[in-house]
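K.L.:
I am attaching a structure below and will ask some questions about it afterwards.
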Amino acid sequence: MSTIQISAADVNKLRQQTGAGMMDCKKALTEANGDFEAAVDYLRKKGAKVAASRQDRESNEGVVIAKATADGKRGVVLELNCETDFVAKNADFVALGNKFADIAIEKNPATLEELLALEVDGAKVSDLIIDNTGKIGEKLGISKYEVVSGDKVVPYIHGNYRLGVLVALNQDAAGVEEAGKDVAMQIAAMNPVALDKADVDPHTIEREIEIAKEQIRAEGKPEEMVEKIATGKLNKFYKDSTLLNQEFVKDGSKDVRKFLDETSKGLTVTAFKRVQLGA
């Protein structure tokens with residue numbers, strides 16, 4: 001047993017993140033030596049009710065801006081942070097975020113570092129951030145920047161600039177943009193971890209299998225059944241957590257893959273990015 005001191009703030013943070021009870025959270029953090037990810041795994045293995053959503057984590061304030069080029073072939077999404085909700089809702093601050101997204105659309109920087117080095121209104125983006133920090137009186141910064149390209153890229157902003165999505169599709173035909181918006185809303189709501197089964201990080205797969213096995217053993221199932229049941233749980237994870245295999249939120253009779261193919265034969269998502277404020 002670890003002797004690490006677990007603070008009340010840490011316990012409360014884990015409780016807010018998972019929805020589990022205070023004592024369960026304290027025990028989980030103690031067992032995990034203060035490691036939050038390991039503590040979440042501990043709670044899941046013990047059967048505690050853990051929120052699947054990643055939206056309850058503590059976050060900074062700011063805005064998320066998503067935009068696409070005029071031809072719809074490329075999109076950018078960025079997160080501009082500030083310290084308070086008051087500033088985040090200010091029209092000038094939102095305009096500043098849009099200005100940075102516009103220069104990214106125009107100049108096509110590949111990375112955040114390249115974006116910060118670009119000039120707009122005669123000054124580098126990084127210098128403009130410093131200047132506005134002085135004017136506003138809060139620390140500002142761009143914490144995330146993502147780029148997506150495709151035959152058709154559809155941007156989507158959700159929740160008063162608190163979440164932005166880019167969806168790249170392999171076609172640009174009638175109905176594709178509308179379908180892309182539906183898929184972008186799906187991504188915003190369901191937060192898939194990957195596009196398809198093959199795109200899931202191996203560490204995530206190992207983690208899900210291990211958790212599933214511990215849950216099955218805790219239920220008293222015979223060891224010879226553990227592997228088979230764990231495989232079934234992994235397939236359920238794929239269905240719930242990979243975009244093309246998720247149940248389409250607007251029509252539960254089909255998955256996202258089928259919805260896209262019915263919209264236009266062979267239509268599919270080639271890439272997506274989801275940026276949530278503070279996540």
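Following the order of the structure tokens, chains are lettered A, B, ..., residues in each are numbered from 1, and ligands are numbered from 1.
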Compile the contact shell of A:Thr231 as a PyMOL selection string: residues with an atom at most 9 Å away, counting only C-alpha atoms, same-chain residues fewer than 5 positions apart removed.
P.N.:
chain A and resi 209+212+226+236
K.L.:
With a distance cut-off of 10 Å and only C-alpha atoms, select the neighbouring residues of A:Val193, excluding the residue or stretch itself and same-chain residues fewer than 4 positions from it, and output the selection as a PDB file with all heavy atoms, in the first residue's frame.
P.N.:
```
ATOM      1  N   ILE A 187     -19.699  13.336 -33.754  1.00  0.00           N
ATOM      2  CA  ILE A 187     -18.372  13.360 -33.111  1.00  0.00           C
ATOM      3  C   ILE A 187     -18.396  14.252 -31.876  1.00  0.00           C
ATOM      4  O   ILE A 187     -17.834  13.906 -30.828  1.00  0.00           O
ATOM      5  CB  ILE A 187     -17.307  13.845 -34.114  1.00  0.00           C
ATOM      6  CG1 ILE A 187     -17.129  12.815 -35.237  1.00  0.00           C
ATOM      7  CG2 ILE A 187     -15.974  14.103 -33.415  1.00  0.00           C
ATOM      8  CD1 ILE A 187     -16.359  13.327 -36.433  1.00  0.00           C
ATOM      9  N   LYS A 197     -11.821   0.428 -36.206  1.00  0.00           N
ATOM     10  CA  LYS A 197     -11.164  -0.508 -35.294  1.00  0.00           C
ATOM     11  C   LYS A 197      -9.640  -0.473 -35.419  1.00  0.00           C
ATOM     12  O   LYS A 197      -8.915  -0.462 -34.423  1.00  0.00           O
ATOM     13  CB  LYS A 197     -11.656  -1.931 -35.562  1.00  0.00           C
ATOM     14  CG  LYS A 197     -13.120  -2.161 -35.258  1.00  0.00           C
ATOM     15  CD  LYS A 197     -13.510  -3.593 -35.596  1.00  0.00           C
ATOM     16  CE  LYS A 197     -14.999  -3.840 -35.375  1.00  0.00           C
ATOM     17  NZ  LYS A 197     -15.377  -5.238 -35.700  1.00  0.00           N
ATOM     18  N   ASP A 199      -7.721   1.792 -36.162  1.00  0.00           N
ATOM     19  CA  ASP A 199      -7.094   3.058 -35.792  1.00  0.00           C
ATOM     20  C   ASP A 199      -6.985   3.254 -34.274  1.00  0.00           C
ATOM     21  O   ASP A 199      -6.417   4.251 -33.828  1.00  0.00           O
ATOM     22  CB  ASP A 199      -7.898   4.219 -36.382  1.00  0.00           C
ATOM     23  CG  ASP A 199      -8.065   4.095 -37.887  1.00  0.00           C
ATOM     24  OD1 ASP A 199      -7.035   4.024 -38.578  1.00  0.00           O
ATOM     25  OD2 ASP A 199      -9.215   4.036 -38.363  1.00  0.00           O
ATOM     26  N   VAL A 200      -7.519   2.316 -33.494  1.00  0.00           N
ATOM     27  CA  VAL A 200      -7.459   2.442 -32.038  1.00  0.00           C
ATOM     28  C   VAL A 200      -6.038   2.184 -31.553  1.00  0.00           C
ATOM     29  O   VAL A 200      -5.378   1.221 -31.975  1.00  0.00           O
ATOM     30  CB  VAL A 200      -8.430   1.460 -31.349  1.00  0.00           C
ATOM     31  CG1 VAL A 200      -8.351   1.606 -29.832  1.00  0.00           C
ATOM     32  CG2 VAL A 200      -9.862   1.700 -31.824  1.00  0.00           C
ATOM     33  N   ASP A 201      -5.574   3.035 -30.669  1.00  0.00           N
ATOM     34  CA  ASP A 201      -4.224   2.898 -30.115  1.00  0.00           C
ATOM     35  C   ASP A 201      -4.084   1.561 -29.386  1.00  0.00           C
ATOM     36  O   ASP A 201      -4.968   1.182 -28.604  1.00  0.00           O
ATOM     37  CB  ASP A 201      -3.976   4.042 -29.133  1.00  0.00           C
ATOM     38  CG  ASP A 201      -2.600   3.989 -28.508  1.00  0.00           C
ATOM     39  OD1 ASP A 201      -1.638   4.336 -29.194  1.00  0.00           O
ATOM     40  OD2 ASP A 201      -2.510   3.571 -27.333  1.00  0.00           O
ATOM     41  N   THR A 204      -4.737   1.509 -25.710  1.00  0.00           N
ATOM     42  CA  THR A 204      -6.155   1.584 -25.354  1.00  0.00           C
ATOM     43  C   THR A 204      -6.793   0.204 -25.413  1.00  0.00           C
ATOM     44  O   THR A 204      -7.587  -0.171 -24.535  1.00  0.00           O
ATOM     45  CB  THR A 204      -6.896   2.549 -26.299  1.00  0.00           C
ATOM     46  OG1 THR A 204      -6.320   3.854 -26.178  1.00  0.00           O
ATOM     47  CG2 THR A 204      -8.378   2.626 -25.963  1.00  0.00           C
ATOM     48  N   TYR A 238     -15.509  -1.268 -29.505  1.00  0.00           N
ATOM     49  CA  TYR A 238     -15.344  -0.772 -30.875  1.00  0.00           C
ATOM     50  C   TYR A 238     -16.630  -0.128 -31.374  1.00  0.00           C
ATOM     51  O   TYR A 238     -16.606   0.936 -32.000  1.00  0.00           O
ATOM     52  CB  TYR A 238     -14.950  -1.906 -31.823  1.00  0.00           C
ATOM     53  CG  TYR A 238     -13.534  -2.397 -31.674  1.00  0.00           C
ATOM     54  CD1 TYR A 238     -13.242  -3.760 -31.765  1.00  0.00           C
ATOM     55  CD2 TYR A 238     -12.483  -1.515 -31.467  1.00  0.00           C
ATOM     56  CE1 TYR A 238     -11.934  -4.230 -31.648  1.00  0.00           C
ATOM     57  CE2 TYR A 238     -11.172  -1.969 -31.334  1.00  0.00           C
ATOM     58  CZ  TYR A 238     -10.913  -3.331 -31.428  1.00  0.00           C
ATOM     59  OH  TYR A 238      -9.616  -3.780 -31.308  1.00  0.00           O
ATOM     60  N   ASP A 240     -19.063   1.193 -29.658  1.00  0.00           N
ATOM     61  CA  ASP A 240     -19.394   2.405 -28.917  1.00  0.00           C
ATOM     62  C   ASP A 240     -18.408   3.542 -29.166  1.00  0.00           C
ATOM     63  O   ASP A 240     -18.793   4.714 -29.066  1.00  0.00           O
ATOM     64  CB  ASP A 240     -19.426   2.117 -27.411  1.00  0.00           C
ATOM     65  CG  ASP A 240     -20.583   1.221 -27.011  1.00  0.00           C
ATOM     66  OD1 ASP A 240     -21.536   1.100 -27.803  1.00  0.00           O
ATOM     67  OD2 ASP A 240     -20.511   0.628 -25.919  1.00  0.00           O
ATOM     68  N   SER A 241     -17.154   3.208 -29.484  1.00  0.00           N
ATOM     69  CA  SER A 241     -16.085   4.203 -29.397  1.00  0.00           C
ATOM     70  C   SER A 241     -15.356   4.507 -30.694  1.00  0.00           C
ATOM     71  O   SER A 241     -14.490   5.385 -30.706  1.00  0.00           O
ATOM     72  CB  SER A 241     -15.057   3.758 -28.341  1.00  0.00           C
ATOM     73  OG  SER A 241     -15.678   3.575 -27.091  1.00  0.00           O
ATOM     74  N   THR A 242     -15.648   3.794 -31.788  1.00  0.00           N
ATOM     75  CA  THR A 242     -15.028   4.127 -33.075  1.00  0.00           C
ATOM     76  C   THR A 242     -16.093   4.688 -34.009  1.00  0.00           C
ATOM     77  O   THR A 242     -17.177   4.115 -34.140  1.00  0.00           O
ATOM     78  CB  THR A 242     -14.323   2.916 -33.710  1.00  0.00           C
ATOM     79  OG1 THR A 242     -15.251   1.841 -33.885  1.00  0.00           O
ATOM     80  CG2 THR A 242     -13.181   2.443 -32.820  1.00  0.00           C
ATOM     81  N   LEU A 243     -15.778   5.796 -34.630  1.00  0.00           N
ATOM     82  CA  LEU A 243     -16.780   6.591 -35.332  1.00  0.00           C
ATOM     83  C   LEU A 243     -17.610   5.800 -36.337  1.00  0.00           C
ATOM     84  O   LEU A 243     -18.847   5.826 -36.286  1.00  0.00           O
ATOM     85  CB  LEU A 243     -16.093   7.767 -36.058  1.00  0.00           C
ATOM     86  CG  LEU A 243     -17.009   8.646 -36.907  1.00  0.00           C
ATOM     87  CD1 LEU A 243     -18.077   9.316 -36.055  1.00  0.00           C
ATOM     88  CD2 LEU A 243     -16.209   9.680 -37.683  1.00  0.00           C
ATOM     89  N   ARG A 274     -11.341  16.560 -33.152  1.00  0.00           N
ATOM     90  CA  ARG A 274     -12.295  17.075 -32.173  1.00  0.00           C
ATOM     91  C   ARG A 274     -11.515  17.796 -31.083  1.00  0.00           C
ATOM     92  O   ARG A 274     -10.682  17.208 -30.412  1.00  0.00           O
ATOM     93  CB  ARG A 274     -13.111  15.931 -31.568  1.00  0.00           C
ATOM     94  CG  ARG A 274     -14.163  16.343 -30.541  1.00  0.00           C
ATOM     95  CD  ARG A 274     -14.790  15.078 -29.950  1.00  0.00           C
ATOM     96  NE  ARG A 274     -15.921  15.342 -29.081  1.00  0.00           N
ATOM     97  CZ  ARG A 274     -15.839  15.634 -27.768  1.00  0.00           C
ATOM     98  NH1 ARG A 274     -14.619  15.714 -27.195  1.00  0.00           N
ATOM     99  NH2 ARG A 274     -16.916  15.832 -27.052  1.00  0.00           N
TER     100      ARG A 274
END
```
K.L.:
When you count only C-alpha atoms, which of these residues is closest to A:Ala110: A:Val76, A:Ala230, A:Cys25, A:Val176?
P.N.:
A:Val76
K.L.:
Just give me the gap between atom CA of A:Gly180 and atom CA of A:Val154 in Å, one decimal is fine.
P.N.:
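For atom CA of A:Gly180 relative to atom CA of A:Val154, the distance reads 5.8 Å.
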K.L.:
What is the atom CA of A:Ala168-atom CA of A:Leu112 distance in Å, reported with one decimal?
P.N.:
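Separation between atom CA of A:Ala168 and atom CA of A:Leu112: 20.0 Å.
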K.L.:
Could you list, as an NGL selection string, every residue within 9 Å of stretch 251-265 of chain A, counting only C-alpha atoms and ignoring same-chain residues fewer than 2 positions away?
P.N.:
:A and (171 or 173-176 or 179-180 or 183 or 186 or 239 or 243-249 or 267-269)
K.L.:
Write the residues of the preceding selection, restricted to N, CA and C atoms, as a PDB file, in the first residue's frame.
P.N.:
```pdb
ATOM      1  N   GLN A 171     -15.428  12.401 -50.710  1.00  0.00           N
ATOM      2  CA  GLN A 171     -16.190  12.841 -51.873  1.00  0.00           C
ATOM      3  C   GLN A 171     -16.661  14.275 -51.664  1.00  0.00           C
ATOM      4  N   ALA A 173     -19.805  15.711 -53.322  1.00  0.00           N
ATOM      5  CA  ALA A 173     -20.955  15.564 -54.208  1.00  0.00           C
ATOM      6  C   ALA A 173     -22.198  16.093 -53.501  1.00  0.00           C
ATOM      7  N   ALA A 174     -23.329  16.029 -54.184  1.00  0.00           N
ATOM      8  CA  ALA A 174     -24.584  16.502 -53.605  1.00  0.00           C
ATOM      9  C   ALA A 174     -24.893  15.752 -52.312  1.00  0.00           C
ATOM     10  N   GLY A 175     -25.232  16.494 -51.281  1.00  0.00           N
ATOM     11  CA  GLY A 175     -25.599  15.905 -50.006  1.00  0.00           C
ATOM     12  C   GLY A 175     -24.444  15.605 -49.080  1.00  0.00           C
ATOM     13  N   VAL A 176     -23.207  15.707 -49.574  1.00  0.00           N
ATOM     14  CA  VAL A 176     -22.043  15.331 -48.767  1.00  0.00           C
ATOM     15  C   VAL A 176     -21.809  16.323 -47.629  1.00  0.00           C
ATOM     16  N   ALA A 179     -24.300  15.725 -44.885  1.00  0.00           N
ATOM     17  CA  ALA A 179     -23.940  14.494 -44.171  1.00  0.00           C
ATOM     18  C   ALA A 179     -22.736  14.733 -43.267  1.00  0.00           C
ATOM     19  N   GLY A 180     -21.785  15.532 -43.752  1.00  0.00           N
ATOM     20  CA  GLY A 180     -20.609  15.853 -42.954  1.00  0.00           C
ATOM     21  C   GLY A 180     -20.963  16.593 -41.683  1.00  0.00           C
ATOM     22  N   VAL A 183     -22.327  14.095 -39.230  1.00  0.00           N
ATOM     23  CA  VAL A 183     -21.240  13.305 -38.642  1.00  0.00           C
ATOM     24  C   VAL A 183     -20.447  14.152 -37.646  1.00  0.00           C
ATOM     25  N   GLN A 186     -22.252  14.179 -34.535  1.00  0.00           N
ATOM     26  CA  GLN A 186     -22.063  12.859 -33.919  1.00  0.00           C
ATOM     27  C   GLN A 186     -20.749  12.844 -33.133  1.00  0.00           C
ATOM     28  N   LYS A 239     -17.751  -0.765 -31.117  1.00  0.00           N
ATOM     29  CA  LYS A 239     -19.049  -0.261 -31.582  1.00  0.00           C
ATOM     30  C   LYS A 239     -19.396   1.075 -30.918  1.00  0.00           C
ATOM     31  N   LEU A 243     -15.778   5.796 -34.630  1.00  0.00           N
ATOM     32  CA  LEU A 243     -16.780   6.591 -35.332  1.00  0.00           C
ATOM     33  C   LEU A 243     -17.610   5.800 -36.337  1.00  0.00           C
ATOM     34  N   LEU A 244     -16.970   5.107 -37.272  1.00  0.00           N
ATOM     35  CA  LEU A 244     -17.714   4.452 -38.340  1.00  0.00           C
ATOM     36  C   LEU A 244     -18.593   3.313 -37.838  1.00  0.00           C
ATOM     37  N   ASN A 245     -18.277   2.781 -36.653  1.00  0.00           N
ATOM     38  CA  ASN A 245     -19.049   1.670 -36.095  1.00  0.00           C
ATOM     39  C   ASN A 245     -20.089   2.121 -35.072  1.00  0.00           C
ATOM     40  N   GLN A 246     -20.071   3.405 -34.725  1.00  0.00           N
ATOM     41  CA  GLN A 246     -21.040   3.907 -33.754  1.00  0.00           C
ATOM     42  C   GLN A 246     -22.445   3.917 -34.343  1.00  0.00           C
ATOM     43  N   GLU A 247     -23.413   3.704 -33.468  1.00  0.00           N
ATOM     44  CA  GLU A 247     -24.814   3.857 -33.865  1.00  0.00           C
ATOM     45  C   GLU A 247     -25.043   5.320 -34.233  1.00  0.00           C
ATOM     46  N   PHE A 248     -25.627   5.558 -35.403  1.00  0.00           N
ATOM     47  CA  PHE A 248     -25.868   6.917 -35.873  1.00  0.00           C
ATOM     48  C   PHE A 248     -26.910   7.573 -34.975  1.00  0.00           C
ATOM     49  N   VAL A 249     -26.562   8.709 -34.382  1.00  0.00           N
ATOM     50  CA  VAL A 249     -27.429   9.303 -33.368  1.00  0.00           C
ATOM     51  C   VAL A 249     -28.776   9.766 -33.923  1.00  0.00           C
ATOM     52  N   LEU A 267     -19.115   6.762 -49.899  1.00  0.00           N
ATOM     53  CA  LEU A 267     -18.757   7.913 -49.067  1.00  0.00           C
ATOM     54  C   LEU A 267     -18.299   7.446 -47.693  1.00  0.00           C
ATOM     55  N   THR A 268     -17.190   8.008 -47.216  1.00  0.00           N
ATOM     56  CA  THR A 268     -16.702   7.675 -45.876  1.00  0.00           C
ATOM     57  C   THR A 268     -15.881   8.830 -45.320  1.00  0.00           C
ATOM     58  N   VAL A 269     -15.595   8.762 -44.047  1.00  0.00           N
ATOM     59  CA  VAL A 269     -14.738   9.742 -43.376  1.00  0.00           C
ATOM     60  C   VAL A 269     -13.298   9.271 -43.485  1.00  0.00           C
TER      61      VAL A 269
END
```
K.L.:
Using only C-alpha atoms, determine which residues lie at most 9 Å from A:Asn98, disregarding the query and same-chain residues fewer than 6 positions distant; provide the list as a list in words.
P.N.:
Ile65, Ala66 and Lys67 of chain A
